[in-house]
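Undergrad: Dumping the structure here so I can ask a few things about it.
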Amino acid sequence: MIIIGEKINGSIPLVGKAIAEKNADIIRDLAKRETDTGATFIDVCASVPEAHEVETLKWLVDLVQSVTDTPIALDSPSVKTLAAAIPFCNKPGLINSVSGEGGKMEVIFPIIAETGWQCVALLCDDSGLPKTAEKRLEVFGNIMTRAKTFGIAPARLHIDPLVEMLCTSEDGIGMVTGVMKEIKGQYPDIHITGGASNISFNLPARKFVNRAFIILSMAAGMDSAIIDPTNPDMIGLIYATEALLGYDEMCIEFITAFRAGLFEKK
């Protein structure tokens, strides 16, 4: 599982306060903790007004890179901000994100085309959030056409099928997992990602819903997730699910992670 650490996000009160007060120690500590618990990428999201976003992202990225060489996931709703922040990173990481909306791919794809950068792509376009699997797959097809034009291989893309609140869904996660399976069937090397916590908004005992969602989604092809890597219960569940799905030969990764204390202290 590709783990995109979600902790350095200005929308989280602790981080928002640290950004406002320029408390570098909190940011560095979060980056070290996410690295130590196995994050593949460290997501960095300023969540400040766009006029201050680039300078805030630089401050955050510099702090993260001062304590770890784990690649950065640059996170912003503004592709202009993302494009401006790419030079701050010491090595290629992950762009979070583009979509079929407003020419976002036309800004980001040419910049990352000849690099090692990977990119999250959301299955929505200028018509809004697609309500059916067919429409989401149509958006997906358009994304892949543009990616091919710029020479971006499927293995560099993380497709977000758009996880919605379970409490407003008519078929649970059936539509979303169906989209995941179809995408993986078309492009086995592509990555499927998403924010696990989106599924449980407005529900009690959210952690149980999030964990069940991860298990079912991994079975449908999800191999990338925006989660808290410092949560030992979630990490243990991911390692166990990979072993049960046959992705971990002889359970070596599960055993290694256990011995490293990533999900259960001895």
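In the structure tokens, chains take the letters A, B, ... in the order shown, each chain's residues start at 1, and ligands count up from 1 in the order shown.
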Give me, as a count of residues only, the residues of segment 192-254 of chain A that a backbone DSSP run labels alpha helix (DSSP H).

TA: 31

Undergrad: Name all residues at most 12 Å from Leu30 of chain A (count only C-alpha atoms; drop same-chain ones fewer than 2 positions away) and give them as a ChimeraX atom specification.

TA: /A:5-9,14-15,18,23-28,32-37,39,42-44,60,63-65,67-68,228-230

Undergrad: Among the residues of segment 189-256 of chain A, find those DSSP assigns to strand (DSSP E or B) from the backbone and print them as a PyMOL selection string.

TA: chain A and resi 191-192+195+224-227

Undergrad: Can you write out as a Markdown table which residues of segment 64-181 of chain A fall within 9 Å of segment 205-218 of chain A, alongside each residue's closest atom pair and its distance in Å to one decimal, counting only C-alpha atoms and ordering rows by chain and ascending residue number?

TA:
| residue | atom | partner | partner_atom | distance |
| --- | --- | --- | --- | --- |
| A:Leu166 | CA | A:Val209 | CA | 8.8 |
| A:Ile173 | CA | A:Phe213 | CA | 8.1 |
| A:Val176 | CA | A:Ser217 | CA | 8.6 |
| A:Thr177 | CA | A:Ser217 | CA | 6.2 |
| A:Met180 | CA | A:Ser217 | CA | 7.9 |

Undergrad: What does the file look like for those residues with N, CA and C atoms, as a short mmCIF file (atom, residue, chain, number, x, y, z; two decimals), in the first residue's frame?

TA:
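As written to disk, out_21.cif reads:
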data_model
loop_
_atom_site.label_atom_id
_atom_site.label_comp_id
_atom_site.auth_asym_id
_atom_site.auth_seq_id
_atom_site.Cartn_x
_atom_site.Cartn_y
_atom_site.Cartn_z
N LEU A 166 -21.02 7.77 3.26
CA LEU A 166 -21.82 6.54 3.29
C LEU A 166 -23.27 6.83 3.65
N ILE A 173 -20.89 1.31 -0.93
CA ILE A 173 -19.74 1.68 -1.75
C ILE A 173 -19.71 0.86 -3.04
N VAL A 176 -18.57 2.88 -6.17
CA VAL A 176 -17.17 3.27 -6.13
C VAL A 176 -16.25 2.07 -6.33
N THR A 177 -16.53 0.96 -5.67
CA THR A 177 -15.67 -0.21 -5.83
C THR A 177 -15.80 -0.79 -7.24
N MET A 180 -13.45 1.23 -9.27
CA MET A 180 -12.08 0.80 -8.98
C MET A 180 -11.72 -0.46 -9.77
#

Undergrad: Could you tell me how far atom CA of Arg136 of chain A sits from atom CA of Phe109 of chain A, in Å to one decimal place?

TA: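 We find that atom CA of Phe109 of chain A and atom CA of Arg136 of chain A lie 20.1 Å from each other.
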